[in-house]
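This is entry-v2.tsv. It holds TSV, N, CA and C atoms and all ligand atoms.
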chain	number	residue	atom	x	y	z
M	1	MET	N	65.27	161.04	144.90
M	1	MET	CA	64.42	161.07	146.10
M	1	MET	C	64.10	159.66	146.55
M	2	SER	N	64.14	159.43	147.86
M	2	SER	CA	63.84	158.12	148.41
M	2	SER	C	62.41	158.00	148.91
M	3	ILE	N	61.81	159.12	149.25
M	3	ILE	CA	60.45	159.05	149.79
M	3	ILE	C	59.49	159.91	148.97
M	4	ARG	N	58.21	159.61	149.15
M	4	ARG	CA	57.17	160.51	148.66
M	4	ARG	C	56.06	160.51	149.71
M	5	ILE	N	55.30	161.57	149.74
M	5	ILE	CA	54.24	161.70	150.73
M	5	ILE	C	52.89	161.70	150.02
M	6	ASN	N	52.06	160.74	150.41
M	6	ASN	CA	50.71	160.65	149.86
M	6	ASN	C	49.81	161.59	150.67
M	7	GLN	N	49.46	162.70	150.09
M	7	GLN	CA	48.73	163.72	150.84
M	7	GLN	C	47.31	163.30	151.19
M	8	THR	N	46.77	162.35	150.48
M	8	THR	CA	45.43	161.86	150.82
M	8	THR	C	45.45	161.16	152.19
M	9	SER	N	46.54	160.47	152.48
M	9	SER	CA	46.64	159.74	153.75
M	9	SER	C	47.20	160.58	154.88
M	10	CYS	N	47.80	161.71	154.56
M	10	CYS	CA	48.43	162.56	155.58
M	10	CYS	C	47.36	163.25	156.42
M	11	VAL	N	47.55	163.22	157.75
M	11	VAL	CA	46.60	163.89	158.65
M	11	VAL	C	47.21	165.16	159.27
M	12	GLY	N	48.39	165.53	158.80
M	12	GLY	CA	48.99	166.79	159.25
M	12	GLY	C	49.48	166.79	160.68
M	13	CYS	N	49.88	165.64	161.19
M	13	CYS	CA	50.30	165.55	162.60
M	13	CYS	C	51.66	166.20	162.86
M	14	LYS	N	52.44	166.43	161.84
M	14	LYS	CA	53.76	167.10	161.91
M	14	LYS	C	54.88	166.23	162.49
M	15	ARG	N	54.59	164.99	162.79
M	15	ARG	CA	55.63	164.16	163.40
M	15	ARG	C	56.82	163.97	162.46
M	16	CYS	N	56.55	163.85	161.17
M	16	CYS	CA	57.64	163.70	160.21
M	16	CYS	C	58.49	164.96	160.14
M	17	ILE	N	57.84	166.10	160.29
M	17	ILE	CA	58.55	167.38	160.23
M	17	ILE	C	59.53	167.47	161.39
M	18	GLU	N	59.07	167.07	162.57
M	18	GLU	CA	59.93	167.10	163.75
M	18	GLU	C	61.05	166.08	163.65
M	19	ALA	N	60.81	164.99	162.94
M	19	ALA	CA	61.80	163.91	162.88
M	19	ALA	C	62.90	164.13	161.85
M	20	CYS	N	62.62	164.88	160.81
M	20	CYS	CA	63.60	164.98	159.72
M	20	CYS	C	64.83	165.78	160.15
M	21	PRO	N	66.00	165.15	160.17
M	21	PRO	CA	67.21	165.85	160.61
M	21	PRO	C	67.66	166.93	159.63
M	22	GLY	N	67.15	166.89	158.42
M	22	GLY	CA	67.55	167.88	157.43
M	22	GLY	C	66.54	169.01	157.27
M	23	ASN	N	65.49	169.00	158.08
M	23	ASN	CA	64.45	170.02	158.00
M	23	ASN	C	63.90	170.13	156.57
M	24	LEU	N	63.60	168.99	155.98
M	24	LEU	CA	63.23	168.94	154.57
M	24	LEU	C	61.72	168.87	154.33
M	25	ILE	N	60.93	168.75	155.41
M	25	ILE	CA	59.49	168.58	155.23
M	25	ILE	C	58.77	169.79	155.85
M	26	LYS	N	57.74	170.23	155.17
M	26	LYS	CA	56.95	171.35	155.71
M	26	LYS	C	55.47	171.00	155.59
M	27	LEU	N	54.65	171.77	156.29
M	27	LEU	CA	53.21	171.59	156.19
M	27	LEU	C	52.66	172.66	155.26
M	28	LYS	N	51.85	172.24	154.31
M	28	LYS	CA	51.20	173.20	153.40
M	28	LYS	C	49.73	172.82	153.29
M	29	ASP	N	48.88	173.74	153.63
M	29	ASP	CA	47.43	173.48	153.62
M	29	ASP	C	47.08	172.24	154.44
M	30	GLY	N	47.77	172.08	155.58
M	30	GLY	CA	47.46	170.99	156.50
M	30	GLY	C	48.02	169.64	156.10
M	31	LYS	N	48.84	169.61	155.06
M	31	LYS	CA	49.42	168.35	154.60
M	31	LYS	C	50.94	168.49	154.50
M	32	ALA	N	51.64	167.39	154.79
M	32	ALA	CA	53.09	167.41	154.72
M	32	ALA	C	53.56	167.33	153.28
M	33	GLU	N	54.62	168.05	152.98
M	33	GLU	CA	55.26	167.91	151.66
M	33	GLU	C	56.75	168.15	151.81
M	34	ILE	N	57.52	167.59	150.89
M	34	ILE	CA	58.97	167.73	150.94
M	34	ILE	C	59.37	169.06	150.31
M	35	LYS	N	60.21	169.79	151.02
M	35	LYS	CA	60.64	171.10	150.52
M	35	LYS	C	61.65	170.95	149.38
M	36	ARG	N	62.68	170.12	149.63
M	36	ARG	CA	63.73	169.96	148.62
M	36	ARG	C	63.99	168.45	148.44
M	37	GLU	N	63.30	167.89	147.45
M	37	GLU	CA	63.36	166.44	147.24
M	37	GLU	C	64.78	165.95	147.04
M	38	LYS	N	65.57	166.70	146.31
M	38	LYS	CA	66.91	166.22	145.96
M	38	LYS	C	67.82	166.13	147.18
M	39	ASP	N	67.46	166.82	148.26
M	39	ASP	CA	68.30	166.80	149.45
M	39	ASP	C	68.00	165.64	150.39
M	40	CYS	N	66.92	164.91	150.15
M	40	CYS	CA	66.57	163.76	151.00
M	40	CYS	C	67.58	162.64	150.79
M	41	TRP	N	68.16	162.15	151.87
M	41	TRP	CA	69.16	161.07	151.76
M	41	TRP	C	68.60	159.73	152.24
M	42	GLY	N	67.28	159.66	152.46
M	42	GLY	CA	66.64	158.37	152.74
M	42	GLY	C	66.95	157.77	154.09
M	43	CYS	N	67.04	158.59	155.11
M	43	CYS	CA	67.38	158.07	156.44
M	43	CYS	C	66.21	157.32	157.08
M	44	THR	N	65.00	157.51	156.59
M	44	THR	CA	63.75	156.88	157.04
M	44	THR	C	63.24	157.38	158.40
M	45	SER	N	63.84	158.43	158.95
M	45	SER	CA	63.34	158.95	160.23
M	45	SER	C	61.89	159.37	160.13
M	46	CYS	N	61.53	160.02	159.04
M	46	CYS	CA	60.13	160.45	158.87
M	46	CYS	C	59.21	159.26	158.71
M	47	LEU	N	59.65	158.28	157.96
M	47	LEU	CA	58.84	157.08	157.71
M	47	LEU	C	58.46	156.41	159.02
M	48	LYS	N	59.41	156.33	159.94
M	48	LYS	CA	59.18	155.63	161.21
M	48	LYS	C	58.21	156.38	162.12
M	49	GLU	N	57.99	157.65	161.84
M	49	GLU	CA	57.07	158.44	162.67
M	49	GLU	C	55.66	158.48	162.11
M	50	CYS	N	55.49	158.14	160.85
M	50	CYS	CA	54.18	158.30	160.21
M	50	CYS	C	53.26	157.13	160.56
M	51	ALA	N	52.16	157.44	161.23
M	51	ALA	CA	51.25	156.40	161.69
M	51	ALA	C	50.19	156.02	160.65
M	52	THR	N	50.10	156.80	159.59
M	52	THR	CA	48.97	156.62	158.66
M	52	THR	C	49.35	155.95	157.34
M	53	GLY	N	50.63	155.67	157.15
M	53	GLY	CA	51.06	155.08	155.89
M	53	GLY	C	51.23	156.10	154.78
M	54	ALA	N	51.23	157.40	155.15
M	54	ALA	CA	51.29	158.44	154.12
M	54	ALA	C	52.68	158.58	153.49
M	55	ILE	N	53.71	158.18	154.24
M	55	ILE	CA	55.07	158.31	153.70
M	55	ILE	C	55.48	156.98	153.09
M	56	GLU	N	55.91	157.03	151.85
M	56	GLU	CA	56.32	155.83	151.13
M	56	GLU	C	57.80	155.92	150.82
M	57	PHE	N	58.51	154.86	151.16
M	57	PHE	CA	59.96	154.80	150.97
M	57	PHE	C	60.27	153.84	149.83
M	58	PHE	N	60.97	154.34	148.84
M	58	PHE	CA	61.27	153.55	147.65
M	58	PHE	C	62.45	152.61	147.91
M	59	LEU	N	62.20	151.32	147.73
M	59	LEU	CA	63.25	150.32	147.95
M	59	LEU	C	63.83	149.92	146.59
M	60	GLY	N	64.85	150.61	146.20
M	60	GLY	CA	65.44	150.41	144.88
M	60	GLY	C	66.25	149.13	144.77
M	61	ALA	N	66.67	148.84	143.55
M	61	ALA	CA	67.45	147.63	143.29
M	61	ALA	C	68.76	147.64	144.05
M	62	ASP	N	69.29	148.84	144.32
M	62	ASP	CA	70.59	148.92	144.99
M	62	ASP	C	70.55	148.35	146.41
M	63	ILE	N	69.37	148.30	147.01
M	63	ILE	CA	69.27	147.69	148.35
M	63	ILE	C	68.40	146.44	148.33
M	64	GLY	N	68.24	145.86	147.16
M	64	GLY	CA	67.54	144.59	147.04
M	64	GLY	C	66.03	144.69	147.06
M	65	GLY	N	65.52	145.91	146.92
M	65	GLY	CA	64.07	146.09	147.03
M	65	GLY	C	63.32	145.90	145.74
M	66	LYS	N	64.03	145.87	144.62
M	66	LYS	CA	63.41	145.64	143.30
M	66	LYS	C	62.26	146.60	143.03
M	67	GLY	N	62.39	147.82	143.50
M	67	GLY	CA	61.38	148.82	143.20
M	67	GLY	C	60.13	148.76	144.06
M	68	SER	N	60.16	147.99	145.14
M	68	SER	CA	59.00	147.93	146.01
M	68	SER	C	58.95	149.17	146.92
M	69	ILE	N	57.83	149.33	147.59
M	69	ILE	CA	57.59	150.52	148.41
M	69	ILE	C	57.34	150.09	149.85
M	70	LEU	N	58.00	150.76	150.79
M	70	LEU	CA	57.82	150.49	152.22
M	70	LEU	C	57.05	151.62	152.86
M	71	SER	N	56.04	151.28	153.66
M	71	SER	CA	55.32	152.29	154.43
M	71	SER	C	55.01	151.70	155.81
M	72	THR	N	54.57	152.55	156.73
M	72	THR	CA	54.27	152.07	158.08
M	72	THR	C	52.92	152.60	158.54
M	73	LYS	N	52.28	151.81	159.38
M	73	LYS	CA	51.02	152.26	160.00
M	73	LYS	C	51.04	151.86	161.48
M	74	GLN	N	50.47	152.71	162.31
M	74	GLN	CA	50.37	152.42	163.74
M	74	GLN	C	48.92	152.08	164.07
M	75	GLN	N	48.73	151.04	164.87
M	75	GLN	CA	47.39	150.62	165.28
M	75	GLN	C	47.48	150.26	166.76
M	76	GLY	N	47.20	151.22	167.62
M	76	GLY	CA	47.42	151.00	169.05
M	76	GLY	C	48.90	150.79	169.31
M	77	ASP	N	49.24	149.71	169.98
M	77	ASP	CA	50.65	149.42	170.24
M	77	ASP	C	51.33	148.74	169.06
M	78	LEU	N	50.56	148.41	168.04
M	78	LEU	CA	51.12	147.65	166.92
M	78	LEU	C	51.61	148.57	165.81
M	79	ARG	N	52.82	148.31	165.34
M	79	ARG	CA	53.38	149.03	164.19
M	79	ARG	C	53.47	148.04	163.04
M	80	HIS	N	52.80	148.38	161.95
M	80	HIS	CA	52.82	147.54	160.76
M	80	HIS	C	53.84	148.10	159.76
M	81	TRP	N	54.74	147.27	159.31
M	81	TRP	CA	55.70	147.62	158.25
M	81	TRP	C	55.20	146.92	156.99
M	82	ILE	N	54.86	147.70	155.99
M	82	ILE	CA	54.15	147.18	154.82
M	82	ILE	C	55.03	147.34	153.57
M	83	VAL	N	55.30	146.24	152.90
M	83	VAL	CA	56.08	146.29	151.67
M	83	VAL	C	55.17	145.94	150.51
M	84	THR	N	55.04	146.87	149.58
M	84	THR	CA	54.22	146.63	148.38
M	84	THR	C	55.14	146.44	147.19
M	85	ALA	N	55.10	145.28	146.59
M	85	ALA	CA	55.98	144.96	145.46
M	85	ALA	C	55.44	145.59	144.18
M	86	VAL	N	56.28	145.60	143.17
M	86	VAL	CA	55.89	146.18	141.88
M	86	VAL	C	54.66	145.48	141.30
M	87	ASP	N	54.51	144.18	141.57
M	87	ASP	CA	53.35	143.45	141.03
M	87	ASP	C	52.09	143.64	141.88
M	88	GLY	N	52.18	144.49	142.92
M	88	GLY	CA	51.02	144.79	143.74
M	88	GLY	C	50.87	143.89	144.97
M	89	SER	N	51.67	142.85	145.06
M	89	SER	CA	51.58	141.97	146.23
M	89	SER	C	52.11	142.70	147.47
M	90	ILE	N	51.53	142.37	148.62
M	90	ILE	CA	51.83	143.09	149.86
M	90	ILE	C	52.29	142.10	150.93
M	91	LYS	N	53.39	142.48	151.62
M	91	LYS	CA	53.84	141.71	152.78
M	91	LYS	C	53.86	142.66	153.97
M	92	THR	N	53.38	142.19	155.10
M	92	THR	CA	53.33	143.04	156.29
M	92	THR	C	54.04	142.36	157.46
M	93	ILE	N	54.87	143.12	158.13
M	93	ILE	CA	55.50	142.67	159.37
M	93	ILE	C	54.94	143.54	160.49
M	94	THR	N	54.40	142.90	161.53
M	94	THR	CA	53.79	143.65	162.63
M	94	THR	C	54.60	143.47	163.91
M	95	ILE	N	54.91	144.60	164.53
M	95	ILE	CA	55.72	144.59	165.76
M	95	ILE	C	54.92	145.26	166.87
M	96	ASN	N	54.91	144.64	168.06
M	96	ASN	CA	54.31	145.28	169.22
M	96	ASN	C	55.34	146.25	169.80
M	97	THR	N	55.09	147.53	169.67
M	97	THR	CA	56.09	148.53	170.05
M	97	THR	C	56.31	148.58	171.56
M	98	LYS	N	55.35	148.10	172.32
M	98	LYS	CA	55.52	148.08	173.78
M	98	LYS	C	56.56	147.03	174.19
M	99	GLU	N	56.67	145.98	173.36
M	99	GLU	CA	57.55	144.88	173.72
M	99	GLU	C	58.83	144.84	172.90
M	100	SER	N	58.93	145.67	171.88
M	100	SER	CA	60.05	145.52	170.95
M	100	SER	C	61.40	145.85	171.56
M	101	ASN	N	61.42	146.64	172.64
M	101	ASN	CA	62.71	146.98	173.26
M	101	ASN	C	62.99	146.21	174.54
M	102	LYS	N	62.15	145.20	174.82
M	102	LYS	CA	62.39	144.38	176.02
M	102	LYS	C	63.52	143.40	175.74
M	103	TYR	N	64.40	143.27	176.64
M	103	TYR	CA	65.46	142.25	176.53
M	103	TYR	C	66.03	141.97	177.90
Q	201	LIG	S1	53.85	161.92	159.93
Q	201	LIG	FE1	52.54	161.22	158.23
Q	201	LIG	S2	50.47	161.92	158.76
Q	201	LIG	FE2	51.90	163.09	160.07
Q	201	LIG	S3	52.28	164.98	158.90
Q	201	LIG	FE3	53.89	163.52	158.32
Q	201	LIG	S4	53.11	162.48	156.45
Q	201	LIG	FE4	51.37	163.51	157.45
Q	202	LIG	S1	64.06	160.18	154.65
Q	202	LIG	FE1	65.23	161.32	156.23
Q	202	LIG	S2	66.14	163.02	155.10
Q	202	LIG	FE2	64.52	162.24	153.79
Q	202	LIG	S3	62.72	163.50	154.31
Q	202	LIG	FE3	62.63	161.65	155.61
Q	202	LIG	S4	63.63	162.23	157.55
Q	202	LIG	FE4	64.20	163.77	155.97
Can I see the file as structure tokens?
Ligand code: SF4
Ligand code: SF4
Amino acid sequence: MSIRINQTSCVGCKRCIEACPGNLIKLKDGKAEIKREKDCWGCTSCLKECATGAIEFFLGADIGGKGSILSTKQQGDLRHWIVTAVDGSIKTITINTKESNKY
């Protein structure tokens, strides 16, 4: 499994459910959960929709992540991409979503 869902942070908005191309996420008691963990192929579509940081994407050694965790949060027009390393240190990249597609 590439992702896990922190149900404490989930607000049940269903955006991840709509985004998953494999229909792998469902709502249970108002919180998102993965139906079939082994079928997740880590496309990150759900991660990109989650505004609360509830979805955590495991960055394994195979992609240079050394076991760190990626999550995202939305704050107005700002999207924060948050990487938490195994030692607990955090790096954040913030993108203004209104301007990110301007060219
Ligand atoms: S997008 Fe995030 S907050 Fe919304 S239902 Fe999914 S996990 Fe919960
Ligand atoms: S990473 Fe992709 S396949 Fe896995 S649960 Fe999220 S949207 Fe579905």
* Using backbone DSSP assignments, extract all strand (DSSP E or B) residues from chain M; output them as a PyMOL selection string. => chain M and resi 3-5+25-28+31-34+52+55-59+68-75+78-84+90-96
Of M:Cys40, M:Leu70, M:Val11, M:Ile5, the one sitting nearest ligand LIG 202 (chain Q) when using only C-alpha atoms and all ligand atoms is M:Cys40
Next on the checklist: Using all atoms listed in the file, which residues have at least one atom no more than 7 Å from ligand LIG 201 (chain Q)? Output them as a VMD selection string.
Outcome noted: chain M and resid 5 to 6 9 to 17 30 to 33 46 49 to 55
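Contacts with ligand LIG 202 (chain Q) are defined as any residue atom within 7 Å of a ligand atom, using only N, CA and C atoms and all ligand atoms; the residues meeting this criterion are Ser2, Ile3, Cys16, Ala19, Cys20, Pro21, Gly22, Asn23, Leu24, Ile25, Ile34, Asp39, Cys40, Trp41, Gly42, Cys43, Thr44, Ser45, Cys46 and Leu47 of chain M.
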Write out as a list in words the residues lying within 7 Å of stretch 75-78 of chain M, counting all atoms listed in the file and excluding same-chain residues fewer than 6 positions away. Ala51, Thr94, Ile95, Asn96, Thr97 and Lys98 of chain M
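You will find atom N of M:Ser68 at 18.8 Å from atom CA of M:Glu37.
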As a check of understanding: the span from atom C of M:Lys66 to atom N of M:Lys48 is 19.7 Å
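Interatomic distance, atom CA of M:Thr92 to atom CA of M:His80: 6.4 Å.
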Name the residues of chain M that come out as alpha helix (DSSP H) in a backbone DSSP run; write them as a compact mmCIF listing (two decimals) with N, CA and C atoms, in the frame of the given file.
# COMPACT_ATOMS: atom_id res chain seq x y z
N ARG M 15 54.59 164.99 162.79
CA ARG M 15 55.63 164.16 163.40
C ARG M 15 56.82 163.97 162.46
N CYS M 16 56.55 163.85 161.17
CA CYS M 16 57.64 163.70 160.21
C CYS M 16 58.49 164.96 160.14
N ILE M 17 57.84 166.10 160.29
CA ILE M 17 58.55 167.38 160.23
C ILE M 17 59.53 167.47 161.39
N GLU M 18 59.07 167.07 162.57
CA GLU M 18 59.93 167.10 163.75
C GLU M 18 61.05 166.08 163.65
N ALA M 19 60.81 164.99 162.94
CA ALA M 19 61.80 163.91 162.88
C ALA M 19 62.90 164.13 161.85
N SER M 45 63.84 158.43 158.95
CA SER M 45 63.34 158.95 160.23
C SER M 45 61.89 159.37 160.13
N CYS M 46 61.53 160.02 159.04
CA CYS M 46 60.13 160.45 158.87
C CYS M 46 59.21 159.26 158.71
N LEU M 47 59.65 158.28 157.96
CA LEU M 47 58.84 157.08 157.71
C LEU M 47 58.46 156.41 159.02
N LYS M 48 59.41 156.33 159.94
CA LYS M 48 59.18 155.63 161.21
C LYS M 48 58.21 156.38 162.12
N GLU M 49 57.99 157.65 161.84
CA GLU M 49 57.07 158.44 162.67
C GLU M 49 55.66 158.48 162.11
Identify the residues around (50.7, 147.3, 146.4) within a radius of 12 Å, measuring from only C-alpha atoms in the coordinates stated by the file, and give them as a ChimeraX atom specification. /M:56,67-71,82-92
Listed atoms of stretch 37-45 of chain M, axis-aligned box, 8 Å per side: centre and edge lengths to one decimal in Å, as JSON?
{"center_x": 65.5, "center_y": 162.4, "center_z": 153.1, "size_x": 23.3, "size_y": 27.0, "size_z": 30.3}
Generate N, CA, C and O atoms for stretch 45-64 of chain M and emit them as a PDB file, in the coordinates of the input.
ATOM      1  N   SER M  45      63.840 158.430 158.950  1.00  0.00           N
ATOM      2  CA  SER M  45      63.340 158.950 160.230  1.00  0.00           C
ATOM      3  C   SER M  45      61.890 159.370 160.130  1.00  0.00           C
ATOM      4  O   SER M  45      61.087 159.137 161.036  1.00  0.00           O
ATOM      5  N   CYS M  46      61.530 160.020 159.040  1.00  0.00           N
ATOM      6  CA  CYS M  46      60.130 160.450 158.870  1.00  0.00           C
ATOM      7  C   CYS M  46      59.210 159.260 158.710  1.00  0.00           C
ATOM      8  O   CYS M  46      58.113 159.218 159.287  1.00  0.00           O
ATOM      9  N   LEU M  47      59.650 158.280 157.960  1.00  0.00           N
ATOM     10  CA  LEU M  47      58.840 157.080 157.710  1.00  0.00           C
ATOM     11  C   LEU M  47      58.460 156.410 159.020  1.00  0.00           C
ATOM     12  O   LEU M  47      57.311 155.998 159.234  1.00  0.00           O
ATOM     13  N   LYS M  48      59.410 156.330 159.940  1.00  0.00           N
ATOM     14  CA  LYS M  48      59.180 155.630 161.210  1.00  0.00           C
ATOM     15  C   LYS M  48      58.210 156.380 162.120  1.00  0.00           C
ATOM     16  O   LYS M  48      57.686 155.808 163.057  1.00  0.00           O
ATOM     17  N   GLU M  49      57.990 157.650 161.840  1.00  0.00           N
ATOM     18  CA  GLU M  49      57.070 158.440 162.670  1.00  0.00           C
ATOM     19  C   GLU M  49      55.660 158.480 162.110  1.00  0.00           C
ATOM     20  O   GLU M  49      54.724 158.856 162.805  1.00  0.00           O
ATOM     21  N   CYS M  50      55.490 158.140 160.850  1.00  0.00           N
ATOM     22  CA  CYS M  50      54.180 158.300 160.210  1.00  0.00           C
ATOM     23  C   CYS M  50      53.260 157.130 160.560  1.00  0.00           C
ATOM     24  O   CYS M  50      53.547 155.984 160.210  1.00  0.00           O
ATOM     25  N   ALA M  51      52.160 157.440 161.230  1.00  0.00           N
ATOM     26  CA  ALA M  51      51.250 156.400 161.690  1.00  0.00           C
ATOM     27  C   ALA M  51      50.190 156.020 160.650  1.00  0.00           C
ATOM     28  O   ALA M  51      49.472 155.041 160.827  1.00  0.00           O
ATOM     29  N   THR M  52      50.100 156.800 159.590  1.00  0.00           N
ATOM     30  CA  THR M  52      48.970 156.620 158.660  1.00  0.00           C
ATOM     31  C   THR M  52      49.350 155.950 157.340  1.00  0.00           C
ATOM     32  O   THR M  52      48.485 155.744 156.490  1.00  0.00           O
ATOM     33  N   GLY M  53      50.630 155.670 157.150  1.00  0.00           N
ATOM     34  CA  GLY M  53      51.060 155.080 155.890  1.00  0.00           C
ATOM     35  C   GLY M  53      51.230 156.100 154.780  1.00  0.00           C
ATOM     36  O   GLY M  53      51.369 155.742 153.609  1.00  0.00           O
ATOM     37  N   ALA M  54      51.230 157.400 155.150  1.00  0.00           N
ATOM     38  CA  ALA M  54      51.290 158.440 154.120  1.00  0.00           C
ATOM     39  C   ALA M  54      52.680 158.580 153.490  1.00  0.00           C
ATOM     40  O   ALA M  54      52.795 159.043 152.366  1.00  0.00           O
ATOM     41  N   ILE M  55      53.710 158.180 154.240  1.00  0.00           N
ATOM     42  CA  ILE M  55      55.070 158.310 153.700  1.00  0.00           C
ATOM     43  C   ILE M  55      55.480 156.980 153.090  1.00  0.00           C
ATOM     44  O   ILE M  55      55.396 155.928 153.730  1.00  0.00           O
ATOM     45  N   GLU M  56      55.910 157.030 151.850  1.00  0.00           N
ATOM     46  CA  GLU M  56      56.320 155.830 151.130  1.00  0.00           C
ATOM     47  C   GLU M  56      57.800 155.920 150.820  1.00  0.00           C
ATOM     48  O   GLU M  56      58.285 156.940 150.302  1.00  0.00           O
ATOM     49  N   PHE M  57      58.510 154.860 151.160  1.00  0.00           N
ATOM     50  CA  PHE M  57      59.960 154.800 150.970  1.00  0.00           C
ATOM     51  C   PHE M  57      60.270 153.840 149.830  1.00  0.00           C
ATOM     52  O   PHE M  57      59.864 152.672 149.867  1.00  0.00           O
ATOM     53  N   PHE M  58      60.970 154.340 148.840  1.00  0.00           N
ATOM     54  CA  PHE M  58      61.270 153.550 147.650  1.00  0.00           C
ATOM     55  C   PHE M  58      62.450 152.610 147.910  1.00  0.00           C
ATOM     56  O   PHE M  58      63.529 153.057 148.291  1.00  0.00           O
ATOM     57  N   LEU M  59      62.200 151.320 147.730  1.00  0.00           N
ATOM     58  CA  LEU M  59      63.250 150.320 147.950  1.00  0.00           C
ATOM     59  C   LEU M  59      63.830 149.920 146.590  1.00  0.00           C
ATOM     60  O   LEU M  59      63.309 149.045 145.910  1.00  0.00           O
ATOM     61  N   GLY M  60      64.850 150.610 146.200  1.00  0.00           N
ATOM     62  CA  GLY M  60      65.440 150.410 144.880  1.00  0.00           C
ATOM     63  C   GLY M  60      66.250 149.130 144.770  1.00  0.00           C
ATOM     64  O   GLY M  60      66.503 148.426 145.750  1.00  0.00           O
ATOM     65  N   ALA M  61      66.670 148.840 143.550  1.00  0.00           N
ATOM     66  CA  ALA M  61      67.450 147.630 143.290  1.00  0.00           C
ATOM     67  C   ALA M  61      68.760 147.640 144.050  1.00  0.00           C
ATOM     68  O   ALA M  61      69.288 146.577 144.414  1.00  0.00           O
ATOM     69  N   ASP M  62      69.290 148.840 144.320  1.00  0.00           N
ATOM     70  CA  ASP M  62      70.590 148.920 144.990  1.00  0.00           C
ATOM     71  C   ASP M  62      70.550 148.350 146.410  1.00  0.00           C
ATOM     72  O   ASP M  62      71.583 147.930 146.937  1.00  0.00           O
ATOM     73  N   ILE M  63      69.370 148.300 147.010  1.00  0.00           N
ATOM     74  CA  ILE M  63      69.270 147.690 148.350  1.00  0.00           C
ATOM     75  C   ILE M  63      68.400 146.440 148.330  1.00  0.00           C
ATOM     76  O   ILE M  63      67.861 146.007 149.339  1.00  0.00           O
ATOM     77  N   GLY M  64      68.240 145.860 147.160  1.00  0.00           N
ATOM     78  CA  GLY M  64      67.540 144.590 147.040  1.00  0.00           C
ATOM     79  C   GLY M  64      66.030 144.690 147.060  1.00  0.00           C
ATOM     80  O   GLY M  64      65.329 143.688 147.193  1.00  0.00           O
TER      81      GLY M  64
END
